[in-house]
Every structure is written in C-alpha cells, then in structure tokens.
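Enquirer: Here's a structure for you.
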Amino acid sequence: HILLQTGIGPADHLQDAGIQVIQDLPVGQNLEDHLLLPMAFLTPDIPKNSGLTITKEYGKSFASTLQYMFFTEGMLAISPIEAQIVFRTDRAKDKRPDIQLLYVGGPPNFRAAGDFNLIPLLAKTFFGPQVEHIDSSASGFLLTPTLLRPKSKGDIKLQLQWPWLPPHISPNYLQDPEDVEVLLKSVRFVQKLLNTSVYSNISIHCPILDARSPYPTDSDDFWRWYIRQTAVTEYHPVGTCRMGQHTDKEAVVDPHLRVRGIKNLRVVDASVIPEITSGNTNAPVIMVAERASDLIKNDHQMNY
C-alpha cells in the first residue's frame, strides 16, 4: 500500500488514482492466501469440563490456575492447536502437500471461532438454532483443513477516489473451482479419519450436517456449498511484491529484495514470497528477514 501511494506500482492504476508514476511495477498483484475450513464435532459421551476439551470456563477455573502455577501442567500449559498434519490429496500436482489439518480440542460452538470472524456467518446465517444453542462448555473438537496451494489469486489496489484510505483488497478466494475440489477431498479425508479405530468408541456428531442447505446432506454438492459459504482466511497473505529475476515480468523485487528500478529500497516481508508456502508463513518470513540482514551488511561491508 505504501509503495502504491508513493508512485511505485502499475502505471495505469496509479494514473487512475491521480498519483504520479515513479516506477511501473506489478505491486499488489499475485495475492495468495491460505484458506481454512472450520469443521466442528460434538462428543456427547465425554463429560463437560473433563479436561479433554478446552473451554473458557475450565481454562479460567481456580483448579486450572493452580495446576499451571505449581506444576506447569493442565489446560493452560497446552496450545489450543494440539496437533496438525500435512498431506497430499490425489489432486496434488507435485510432491508437495496441498492440505494442512489442524486439531483443536475446543468447544464446537462457533462462537469460539470469533478470531476468524465466523460468529454472524456461521452461527446465525447458516446454522441458526442448530449451533447457537450448543453449550460453550460442551465437549468436542475442531478439525480444520487448510488449503495450502490455492490456485485462486487476488490483488490489492488503491481506492481510486480516496487513495490515502485503506486499500481495496480482493482476495478472490475459491475463484478457481479446483480449490473447492481440493477442500472437498480434505472433508472426505476427515470423515475417513473419524471412522478409524481410534475414534470407534467415541460418539461423534457433526452439527454441520444439520445446516440448512439446498443440497442433500453429506453429498459432494452439500460440501461444495459449505466450503463456499464458510471457508475463511488463515491470515497468511503473500506475493504482492513478488521476488524474481530480471526476466520475470511479474517480479517487484530482485533476489536481493531490492525494488526494481529504485535505489536504496528493499521490501522485507511476506509479500516478496513469489509462491505461497506449503505451511505457515511465520518461519519463512523470519528467514527472509535474516537473509535481508545479511544482504544489507554485505552491501555495507559489515562483518558483525
């Protein structure tokens, strides 16, 4: 956004916004993001506040506090995301995984997913009383597939009338139907997982199947509908200042992270990643920053 506001970006777009063009580069293009699909499950046979489900009530209880303070154990000592796996569906085009599956031992009440802005979308619009009535301390868990290698791409642009305001972000999630099909494969994988012997002695109910849908329950079209209605960002945007060689017309920065055609200007963040990673972006961004530090020191012949 800062680059666009200062005249570094697509020339036509900057001119439309009334900004003088300093350097014509594809800033804001190539936006990619990981998309998360929330899948909730109830386990009615497991007692409430048993410690197997992370709930606000149990987490803030006096017993949990003492357990953590004196023994560094219990609910407060574990991550909400207790496990994850990555795997390839049969729609993967290469050896890299295309789905990441997160396990959250938390209540399936969708109010617990407030960090993902799902409260009005899921609990009210699509699920109504089937989900809203669930006790926030009910036992259950979340299995959330994440689309790791989306084919859909978006962009970031200035608001033409008011370019100083926050930018217009068009992520274009699920624009490519292949993304929906990969997530559908992940849903079927989750169902197979829950049919294994590990879960055979647990009564599991999926409240998603109670949703008001125009399609037959548990059909492929039902899940395609669910994916399009509820998949949400995992907040891993990358690519809008793509790194590449001088022959790459879509590149904004070179392999040394320098903005093409501009002296003494580098971009050091997730936006330089040319293609989204098959996993969380935190570690790759740290790596980019560490590399940038070395590049800058080398440029100035610093040995520390």
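Just remember, in the structure tokens the first chain shown is A, the second B, etc., residues are 1-based per chain, and ligands are 1-based in the order shown.
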Could you give me, as a Markdown table, a per-residue list for range 128-221 of chain A showing, wherever an atom lies at most 6 Å from an atom of range 87-102 of chain A, the closest pair of atoms and their distance in Å to one decimal, using only C-alpha atoms and sorting by chain then residue number from low to high?
Expert:
```
| residue | atom | partner | partner_atom | distance |
| --- | --- | --- | --- | --- |
| A:Leu143 | CA | A:Leu102 | CA | 5.7 |
| A:Thr144 | CA | A:Leu102 | CA | 5.2 |
| A:Pro145 | CA | A:Leu101 | CA | 4.4 |
| A:Thr146 | CA | A:Gln100 | CA | 5.0 |
| A:Leu147 | CA | A:Ile99 | CA | 5.1 |
| A:Leu148 | CA | A:Asp98 | CA | 4.8 |
| A:Arg149 | CA | A:Asp98 | CA | 5.4 |
```
Enquirer: As an exercise, work out the distance from CA of Gly239 in chain A to CA of Val268 in chain A in Å and give it to one decimal place.
Expert: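 Computing it gives 11.7 Å between the two atoms.
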Enquirer: Which parts of range 6-51 of chain A does DSSP call strand (DSSP E or B) when run on the backbone here, written out as a list in words?
Expert: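 Those residues are Ile8, Gly9, Gln23, Asp24, Leu31, Glu32, Leu35, Leu36, Ala40, Phe41 and Leu42 of chain A.
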Enquirer: Which distance in Å separates CA of Pro38 in chain A and CA of Trp223 in chain A, to one decimal?
Expert: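 According to the coordinates, CA of Pro38 in chain A and CA of Trp223 in chain A are separated by 11.9 Å.
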Enquirer: Using DSSP assignments from the backbone, pull out every residue in range 133-235 of chain A that falls under alpha helix (DSSP H) and give it to me as a list in words.
Expert: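 Filtering range 133-235 of chain A down to alpha helix (DSSP H) leaves Pro177, Glu178, Asp179, Val180, Glu181, Val182, Leu183, Leu184, Lys185, Ser186, Val187, Arg188, Phe189, Val190, Gln191, Lys192, Leu193, Leu194, Asp220, Asp221, Phe222, Trp223, Arg224, Trp225, Tyr226, Ile227, Arg228, Gln229 and Thr230 of chain A.
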Enquirer: Residues as selected, N, CA and C atoms, written as a short mmCIF file (atom, residue, chain, number, x, y, z; two decimals), in the first residue's frame, can you do that?
Expert:
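Produced file selection09.cif, reproduced below:
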```
data_model
loop_
_atom_site.label_atom_id
_atom_site.label_comp_id
_atom_site.auth_asym_id
_atom_site.auth_seq_id
_atom_site.Cartn_x
_atom_site.Cartn_y
_atom_site.Cartn_z
N PRO A 177 -12.29 -23.12 -9.39
CA PRO A 177 -13.06 -24.24 -8.83
C PRO A 177 -12.19 -25.39 -8.33
N GLU A 178 -10.94 -25.47 -8.79
CA GLU A 178 -10.05 -26.53 -8.32
C GLU A 178 -9.81 -26.42 -6.81
N ASP A 179 -9.80 -25.20 -6.30
CA ASP A 179 -9.61 -25.01 -4.86
C ASP A 179 -10.75 -25.64 -4.06
N VAL A 180 -11.96 -25.53 -4.57
CA VAL A 180 -13.11 -26.15 -3.91
C VAL A 180 -12.96 -27.67 -3.92
N GLU A 181 -12.51 -28.22 -5.03
CA GLU A 181 -12.39 -29.67 -5.14
C GLU A 181 -11.32 -30.23 -4.20
N VAL A 182 -10.24 -29.49 -4.02
CA VAL A 182 -9.20 -29.94 -3.10
C VAL A 182 -9.72 -29.92 -1.66
N LEU A 183 -10.46 -28.88 -1.29
CA LEU A 183 -11.04 -28.83 0.05
C LEU A 183 -12.09 -29.92 0.23
N LEU A 184 -12.83 -30.24 -0.81
CA LEU A 184 -13.78 -31.34 -0.74
C LEU A 184 -13.04 -32.65 -0.45
N LYS A 185 -11.89 -32.86 -1.07
CA LYS A 185 -11.08 -34.04 -0.77
C LYS A 185 -10.66 -34.06 0.70
N SER A 186 -10.36 -32.89 1.24
CA SER A 186 -9.95 -32.83 2.65
C SER A 186 -11.10 -33.18 3.58
N VAL A 187 -12.33 -32.80 3.22
CA VAL A 187 -13.50 -33.17 4.01
C VAL A 187 -13.66 -34.68 4.05
N ARG A 188 -13.52 -35.32 2.92
CA ARG A 188 -13.66 -36.78 2.87
C ARG A 188 -12.53 -37.45 3.64
N PHE A 189 -11.36 -36.85 3.65
CA PHE A 189 -10.26 -37.39 4.45
C PHE A 189 -10.59 -37.33 5.94
N VAL A 190 -11.15 -36.19 6.38
CA VAL A 190 -11.54 -36.05 7.79
C VAL A 190 -12.57 -37.11 8.15
N GLN A 191 -13.53 -37.35 7.29
CA GLN A 191 -14.54 -38.36 7.57
C GLN A 191 -13.93 -39.76 7.68
N LYS A 192 -12.96 -40.07 6.82
CA LYS A 192 -12.28 -41.35 6.93
C LYS A 192 -11.49 -41.45 8.23
N LEU A 193 -10.87 -40.35 8.61
CA LEU A 193 -10.11 -40.31 9.85
C LEU A 193 -11.00 -40.61 11.06
N LEU A 194 -12.20 -40.05 11.07
CA LEU A 194 -13.12 -40.25 12.19
C LEU A 194 -13.75 -41.64 12.18
N ASP A 220 -21.59 -34.43 -2.25
CA ASP A 220 -20.49 -33.58 -2.69
C ASP A 220 -20.95 -32.14 -2.88
N ASP A 221 -22.15 -31.96 -3.41
CA ASP A 221 -22.66 -30.60 -3.61
C ASP A 221 -22.93 -29.90 -2.29
N PHE A 222 -23.37 -30.68 -1.29
CA PHE A 222 -23.56 -30.11 0.05
C PHE A 222 -22.25 -29.53 0.57
N TRP A 223 -21.18 -30.29 0.43
CA TRP A 223 -19.89 -29.83 0.95
C TRP A 223 -19.31 -28.72 0.10
N ARG A 224 -19.55 -28.74 -1.20
CA ARG A 224 -19.11 -27.61 -2.03
C ARG A 224 -19.81 -26.32 -1.59
N TRP A 225 -21.10 -26.45 -1.30
CA TRP A 225 -21.87 -25.30 -0.79
C TRP A 225 -21.29 -24.83 0.53
N TYR A 226 -21.02 -25.78 1.43
CA TYR A 226 -20.47 -25.42 2.74
C TYR A 226 -19.11 -24.74 2.60
N ILE A 227 -18.26 -25.26 1.74
CA ILE A 227 -16.94 -24.69 1.53
C ILE A 227 -17.05 -23.25 1.05
N ARG A 228 -17.91 -23.02 0.08
CA ARG A 228 -18.04 -21.66 -0.47
C ARG A 228 -18.66 -20.69 0.53
N GLN A 229 -19.48 -21.21 1.45
CA GLN A 229 -20.14 -20.32 2.41
C GLN A 229 -19.27 -20.03 3.62
N THR A 230 -18.37 -20.93 4.00
CA THR A 230 -17.73 -20.80 5.32
C THR A 230 -16.22 -20.78 5.32
#
```
Enquirer: Show which residues sit within 12 Å of Asp16 in chain A, as a VMD selection string. Count only C-alpha atoms, and ignore same-chain residues fewer than 4 positions away.
Expert: chain A and resid 4 7 9 to 12 20 to 21 157 to 163
